[in-house]
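Let me begin by presenting the structure, written as structure tokens, before commenting on it.
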Amino acid sequence: MGRYVLKRLLQLIPVLIGVMLLAFLLNEIAPGDPATLLAGGESATPEKIAQIRAELKLDDPFILRFGDYVKKLVTEGNIGVSYKTKQPVAAEVAHRFPQTFKMAAISAILASIIGIALGIISAIKQYSFLDNIIAMFSLLGVSMPVFWSSLLLILFFAINLKWLPSSGFSTWKHWILPCVVIGTSMAASIVRMTRSSMLEVIRQDYIRTARAKGQVERVVISKHALKNALIPVVTNIGMHFGVLLGGAVIIETIFVIPGIGKYITDAIRNRDYPVVQGSVLVLALANSFVNLGVDLLYAAIDPRIRTQYRNMGKMKKKKAALPLGGKAA
Amino acid sequence: MSTNENASFLEVKNLVIHYETDNGVVEAVNNISFKMNRGETLSLVGETGAGKTTTALGLLNLVPNPPGRIIAGEILLNGENLLKMSAHQMQKIRGSKITMIFQDPMTSLNPIETVGEQISEVIRLHNKVSRSEAAQMACDMLEKVGIPAERYGDYPHQFSGGMKQRVVIAIALACDPELLISDEPTSALDVTIQAQVLDTMRQLKKELKTSMLMITHDLGVVAETSDNVAVMYAGEIVEYGTLRQVFKDTRHPYTQALFDSLPDINKNVKRLIPIKGLTPDPSSLPNYCSFYDRCTKRMEECKKTDPAVVDVGDGHLVKCLLFASERSGHE
Ligand SMILES: Nc1ncnc2c1ncn2[C@@H]1O[C@H](COP(=O)(O)OP(=O)(O)OP(=O)(O)O)[C@@H](O)[C@H]1O
Ligand code: SF4
Ligand SMILES: [Mg+2]
């Protein structure tokens, strides 16, 4: 397994180079000119614009600029300096990314617990009243726009009841509303995923085998069905989490949280290319780690994948058979 | 058919099982009755869709619900009606007194638990033993079905089909069942493995003195293993008797057709070849003899009534109007 992880980490290098190249290219072909914007828009004099272009080395050939960027990245660990603020991108990302991460992690944990629990309930009580109620709420959860639910929650909990602050990020109370908003929509999708996956697994022959052994229903569900059903759910959660790490612009704007989402959108609007490139690089890295985490979680659940990884990592050593594996019944 | 009541340890009376689907009610098992004595092997034969698996699941009260439902009947094990038992009582019977080997070994094992754990789970459920004792017993079980105990910690995907079925057999036999139901345990395996697995089962069955309900398409296996034979057609038992009665003194036109469709019972081709015509749609069964459409001996009356079960001698039961006038002892 160690070999497998190492292999995956090495694979990161070409991936990141590819991501950088793409980000560079996209900026290249995107309409708009950073120099014009920095010089003060269309009314700026051509001399001023030309001077800024020279300062930012915008007239150098693409390859030269890309090479320069990669060199600085490798030698100094420098992922760029903002055109606009002249501040290093790394410092700004280091300040903002933890906020985004915190929000994504809390929301994802919240959503997973609630989503999986409700998903199991609606699967084992299929077509019951409870199942219908849960289905209704999850439909509401996925279809309600986040800005709308945010505003409703602020109105109710922050303005009417005055229980929670409406914006900011300094105390744990500040995190409740944004995480509830994000978590709800994520939970809604996890509920659906868990339900359908559970229903699929419950029909399997090995569940019948477990029942034929005389196993009690609670254990049939928790030990035999749930673990198998979680495999696709884990993917779903990982995907959501990866997207969340890219920032939640609307939420960040409404709750005034300095996250990575708003940073990038602002940078795109301002054609602040180094900021876009640097942030994209960091996000690509973060997403790669999430993917790796999901894959390792898979392996923890599913021995078939474990075998696959072991073969991929070309491990020769055969793991000794443990006579007492498994969880408590 | 109410002779010798006390002797039979399993008695199924008028069992009716339906699947209530969106496209109508599938009458999978229609009013079947049979008895088994301790240590006996009863074979249940019949074409696909006859209701064999449903009957077996009925005995364990494991008919998938929804859509399946046991509508009526009694299943008496040592005189106690299983269908009246609480969920908890039934859980104590499943896996210890009545166990089942399923049709498809590829999907019968949990893919993410070790095979050893899957065997020792059933041992722990029905015996007061510690985890390590259960593991030891599971290892013994593995050896008994011909798998080295070192493979305890392996997962199902590391096993071949035949070995998986051996694991399933180990699970089924781990708690010395009184009744072992085996649902075409070898149909998914290739021929050489089939023989080995059957041998293992037969030997263990003898060792443990278990009664067995054997569901199979393979008349060769029936001839080799069973004491009694029940022939199922469209959810009904159309002929029942000892192996000799059914094989040498075949009465029901359907059973006869089954044998006729075999090229040669002693040759290697032992699988059933479907006989002419189709089994009736189980969601709209006729109210007369369900074999009428395919029967070569059908008569006018056959379309008028549902034939009663007749004892044509020594407990040889036939559900066919041809024998309506015969009574026990006529032969
Ligand atoms: N879950 C289900 N839902 C609806 N109908 C079902 C279900 N399971 C079985 N049936 C129907 O019940 C009838 C009996 O099926 P069963 O599986 O008992 O037949 P079988 O004799 O075991 O056949 P085979 O030899 O193919 O295993 C068939 O018509 C089948 O289509
Ligand atoms: S009752 Fe009539 S139709 Fe049915 S099997 Fe007997 S002879 Fe054939
Ligand atoms: Mg079947």
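Chain labels run A, B, ... following the order of the structure tokens; each chain numbers its residues from 1, and ligands are numbered from 1 in the order shown.
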Determine, for each residue of chain B having at least one atom at most 9 Å from an atom of chain A, the closest pair of atoms and their separation in Å to one decimal, counting only C-alpha atoms; order by chain and ascending number, as a Markdown table.
| residue | atom | partner | partner_atom | distance |
| --- | --- | --- | --- | --- |
| B:Leu60 | CA | A:Ala212 | CA | 7.2 |
| B:Leu62 | CA | A:Ala212 | CA | 7.5 |
| B:Pro64 | CA | A:Arg203 | CA | 8.5 |
| B:Ala87 | CA | A:Val216 | CA | 8.8 |
| B:His88 | CA | A:Val216 | CA | 7.9 |
| B:Met90 | CA | A:Gly214 | CA | 7.5 |
| B:Gln91 | CA | A:Gly214 | CA | 4.2 |
| B:Lys92 | CA | A:Gly214 | CA | 5.9 |
| B:Ile93 | CA | A:Gly214 | CA | 6.9 |
| B:Arg94 | CA | A:Gly214 | CA | 4.5 |
| B:Gly95 | CA | A:Lys213 | CA | 3.8 |
| B:Ser96 | CA | A:Lys213 | CA | 7.4 |
| B:Ile98 | CA | A:Ala212 | CA | 8.6 |
| B:Thr99 | CA | A:Ala212 | CA | 6.7 |
| B:Met100 | CA | A:Ala212 | CA | 7.0 |
| B:Ile101 | CA | A:Thr209 | CA | 8.6 |
| B:Phe102 | CA | A:Thr209 | CA | 8.0 |
| B:Asp104 | CA | A:Asp205 | CA | 8.2 |
| B:Thr107 | CA | A:Asp205 | CA | 5.6 |
| B:Ser108 | CA | A:Tyr206 | CA | 4.4 |
| B:Leu109 | CA | A:Tyr206 | CA | 4.9 |
| B:Asn110 | CA | A:Tyr206 | CA | 5.2 |
| B:Pro111 | CA | A:Asp302 | CA | 7.8 |
| B:Ile112 | CA | A:Asp302 | CA | 5.5 |
| B:Glu113 | CA | A:Gly326 | CA | 7.0 |
| B:Thr114 | CA | A:Gly326 | CA | 7.6 |
| B:Gly116 | CA | A:Pro323 | CA | 7.5 |
| B:Glu117 | CA | A:Gly326 | CA | 6.6 |
| B:Gln118 | CA | A:Ala210 | CA | 8.6 |
| B:Glu121 | CA | A:Ala329 | CA | 7.8 |
| B:Val122 | CA | A:Lys213 | CA | 5.6 |
| B:Leu125 | CA | A:Gln215 | CA | 7.0 |
| B:His126 | CA | A:Gly214 | CA | 8.3 |
| B:Arg131 | CA | A:Leu324 | CA | 7.8 |
| B:Ser132 | CA | A:Leu324 | CA | 7.2 |
| B:Ala135 | CA | A:Pro323 | CA | 6.8 |
| B:Gln136 | CA | A:Pro323 | CA | 8.6 |
| B:Cys139 | CA | A:Pro323 | CA | 8.9 |
| B:Glu150 | CA | A:Ala321 | CA | 7.0 |
| B:Arg151 | CA | A:Ala321 | CA | 7.1 |
| B:Tyr152 | CA | A:Pro323 | CA | 6.1 |
| B:Gly153 | CA | A:Ala321 | CA | 4.7 |
| B:Asp154 | CA | A:Ala321 | CA | 6.9 |
| B:Tyr155 | CA | A:Pro303 | CA | 7.0 |
| B:Pro156 | CA | A:Arg304 | CA | 9.0 |
| B:His157 | CA | A:Arg304 | CA | 6.7 |
| B:Gln158 | CA | A:Arg304 | CA | 8.5 |
| B:Val168 | CA | A:Thr209 | CA | 8.7 |
| B:Ile171 | CA | A:Lys213 | CA | 7.8 |
| B:Ala172 | CA | A:Lys213 | CA | 7.8 |
Near-B:Ala257 list (10 Å; only C-alpha atoms; drop same-chain fewer than 3 positions) as a list in words: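 After dropping sequence-adjacent residues, the list is Thr250, His252, Pro253, Tyr254, Asp260, Ser261, Leu262, Ile273, Pro274, Ile275, Lys276, Arg294, Cys295 and Thr296 of chain B.
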Protein and nucleic acid residues within 8 Å of ligand 1 (only C-alpha atoms and all ligand atoms) as a ChimeraX atom specification: /B:18-21,26-29,46-56,63-64,66-68,103,183-184,216-217,232,234-235,281-283
Selection as a PyMOL selection string: residues within 8 Å of ligand 2 by only C-alpha atoms and all ligand atoms: chain B and resi 252-254+288-299+301-303+306-307+319-323
Would you export the selected residues with N, CA, C and O atoms as a CSV table (one decimal), in the first residue's frame, please?
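What ended up in again-v2.csv:
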chain,number,residue,atom,x,y,z
B,252,HIS,N,-47.3,-39.3,-13.8
B,252,HIS,CA,-47.8,-38.0,-14.3
B,252,HIS,C,-47.2,-37.7,-15.7
B,252,HIS,O,-46.0,-37.9,-16.0
B,253,PRO,N,-48.1,-37.3,-16.7
B,253,PRO,CA,-47.6,-37.0,-18.0
B,253,PRO,C,-46.4,-36.0,-18.0
B,253,PRO,O,-45.6,-36.1,-18.9
B,254,TYR,N,-46.4,-35.1,-17.1
B,254,TYR,CA,-45.3,-34.1,-17.1
B,254,TYR,C,-44.0,-34.8,-16.7
B,254,TYR,O,-43.0,-34.6,-17.3
B,288,TYR,N,-58.0,-25.0,-14.4
B,288,TYR,CA,-58.0,-26.4,-14.6
B,288,TYR,C,-56.6,-26.9,-14.6
B,288,TYR,O,-55.7,-26.2,-14.2
B,289,CYS,N,-56.3,-28.1,-15.0
B,289,CYS,CA,-55.0,-28.7,-15.0
B,289,CYS,C,-54.0,-27.7,-15.6
B,289,CYS,O,-54.1,-27.4,-16.8
B,290,SER,N,-52.9,-27.3,-14.9
B,290,SER,CA,-52.0,-26.3,-15.5
B,290,SER,C,-51.1,-26.9,-16.5
B,290,SER,O,-50.5,-26.2,-17.3
B,291,PHE,N,-51.1,-28.2,-16.7
B,291,PHE,CA,-50.2,-28.8,-17.7
B,291,PHE,C,-51.0,-29.1,-19.0
B,291,PHE,O,-50.5,-29.6,-20.0
B,292,TYR,N,-52.3,-28.8,-19.0
B,292,TYR,CA,-53.2,-29.1,-20.1
B,292,TYR,C,-52.6,-28.7,-21.4
B,292,TYR,O,-52.5,-29.5,-22.3
B,293,ASP,N,-52.1,-27.5,-21.6
B,293,ASP,CA,-51.6,-27.0,-22.9
B,293,ASP,C,-50.5,-27.9,-23.5
B,293,ASP,O,-50.3,-27.9,-24.7
B,294,ARG,N,-49.7,-28.5,-22.6
B,294,ARG,CA,-48.6,-29.3,-23.1
B,294,ARG,C,-48.8,-30.8,-23.0
B,294,ARG,O,-47.9,-31.5,-23.4
B,295,CYS,N,-49.9,-31.2,-22.5
B,295,CYS,CA,-50.1,-32.6,-22.2
B,295,CYS,C,-50.5,-33.4,-23.4
B,295,CYS,O,-51.3,-33.0,-24.2
B,296,THR,N,-49.8,-34.5,-23.6
B,296,THR,CA,-50.1,-35.4,-24.7
B,296,THR,C,-51.3,-36.3,-24.4
B,296,THR,O,-51.8,-36.9,-25.3
B,297,LYS,N,-51.6,-36.4,-23.2
B,297,LYS,CA,-52.7,-37.4,-22.8
B,297,LYS,C,-54.0,-36.7,-22.4
B,297,LYS,O,-54.8,-37.3,-21.7
B,298,ARG,N,-54.0,-35.4,-22.7
B,298,ARG,CA,-55.2,-34.6,-22.1
B,298,ARG,C,-56.5,-35.2,-22.7
B,298,ARG,O,-56.6,-35.7,-23.8
B,299,MET,N,-57.5,-34.9,-21.8
B,299,MET,CA,-58.9,-35.4,-22.1
B,299,MET,C,-59.8,-34.2,-22.0
B,299,MET,O,-59.4,-33.2,-21.5
B,301,GLU,N,-62.3,-33.8,-19.9
B,301,GLU,CA,-62.5,-33.3,-18.5
B,301,GLU,C,-61.4,-32.5,-18.0
B,301,GLU,O,-61.6,-31.7,-17.1
B,302,CYS,N,-60.2,-32.7,-18.5
B,302,CYS,CA,-59.0,-32.0,-18.0
B,302,CYS,C,-59.2,-30.4,-18.0
B,302,CYS,O,-58.6,-29.7,-17.2
B,303,LYS,N,-60.0,-30.0,-18.9
B,303,LYS,CA,-60.2,-28.5,-19.0
B,303,LYS,C,-61.3,-28.0,-18.1
B,303,LYS,O,-61.6,-26.9,-18.0
B,306,ASP,N,-59.8,-28.8,-11.7
B,306,ASP,CA,-58.4,-28.8,-11.3
B,306,ASP,C,-58.3,-30.2,-10.6
B,306,ASP,O,-59.0,-30.5,-9.7
B,307,PRO,N,-57.4,-31.1,-11.2
B,307,PRO,CA,-57.4,-32.5,-10.7
B,307,PRO,C,-57.0,-32.5,-9.2
B,307,PRO,O,-56.2,-31.7,-8.7
B,319,LYS,N,-51.1,-35.8,-9.3
B,319,LYS,CA,-52.1,-34.8,-9.5
B,319,LYS,C,-52.5,-34.8,-10.9
B,319,LYS,O,-52.0,-34.0,-11.7
B,320,CYS,N,-53.3,-35.8,-11.3
B,320,CYS,CA,-53.7,-35.9,-12.7
B,320,CYS,C,-55.0,-36.7,-12.8
B,320,CYS,O,-55.2,-37.6,-12.1
B,321,LEU,N,-55.9,-36.2,-13.7
B,321,LEU,CA,-57.2,-36.8,-13.8
B,321,LEU,C,-57.2,-38.3,-14.3
B,321,LEU,O,-58.1,-39.0,-14.1
B,322,LEU,N,-56.1,-38.6,-15.0
B,322,LEU,CA,-55.9,-40.0,-15.5
B,322,LEU,C,-56.1,-41.0,-14.4
B,322,LEU,O,-56.4,-42.2,-14.6
B,323,PHE,N,-55.7,-40.6,-13.2
B,323,PHE,CA,-55.7,-41.5,-12.1
B,323,PHE,C,-56.8,-41.2,-11.1
B,323,PHE,O,-56.7,-41.7,-10.0
In stretch 108-168 of chain B, DSSP alpha helix (DSSP H) residues written as number ranges by chain: B: 108, 115-126, 131-144, 161-168
Output file for the residues above (C-alpha atoms, as a CSV table (one decimal), in the first residue's frame):
chain,number,residue,atom,x,y,z
B,108,SER,CA,-23.8,-15.5,-2.1
B,115,VAL,CA,-14.5,-16.1,4.2
B,116,GLY,CA,-13.4,-17.1,7.6
B,117,GLU,CA,-15.4,-14.4,9.3
B,118,GLN,CA,-18.4,-15.3,7.2
B,119,ILE,CA,-18.2,-18.9,8.5
B,120,SER,CA,-17.4,-17.9,12.1
B,121,GLU,CA,-20.3,-15.4,12.1
B,122,VAL,CA,-22.9,-18.2,11.9
B,123,ILE,CA,-21.0,-20.2,14.5
B,124,ARG,CA,-21.0,-17.3,17.0
B,125,LEU,CA,-24.7,-16.7,16.3
B,126,HIS,CA,-25.8,-20.2,17.4
B,131,ARG,CA,-14.3,-15.3,19.0
B,132,SER,CA,-11.2,-17.3,18.9
B,133,GLU,CA,-13.0,-20.6,19.5
B,134,ALA,CA,-15.5,-19.7,16.7
B,135,ALA,CA,-12.5,-18.9,14.4
B,136,GLN,CA,-11.0,-22.3,15.3
B,137,MET,CA,-14.3,-24.0,14.5
B,138,ALA,CA,-14.5,-22.1,11.2
B,139,CYS,CA,-11.0,-23.2,10.3
B,140,ASP,CA,-12.1,-26.8,10.9
B,141,MET,CA,-15.1,-26.3,8.8
B,142,LEU,CA,-12.9,-25.0,6.0
B,143,GLU,CA,-10.7,-28.1,6.1
B,144,LYS,CA,-13.8,-30.3,6.1
B,161,GLY,CA,-16.5,-20.5,-8.1
B,162,GLY,CA,-16.1,-24.0,-6.8
B,163,MET,CA,-14.3,-22.8,-3.7
B,164,LYS,CA,-16.8,-20.2,-3.0
B,165,GLN,CA,-19.5,-22.8,-3.1
B,166,ARG,CA,-17.5,-24.8,-0.7
B,167,VAL,CA,-17.4,-21.9,1.7
B,168,VAL,CA,-21.2,-21.5,1.3
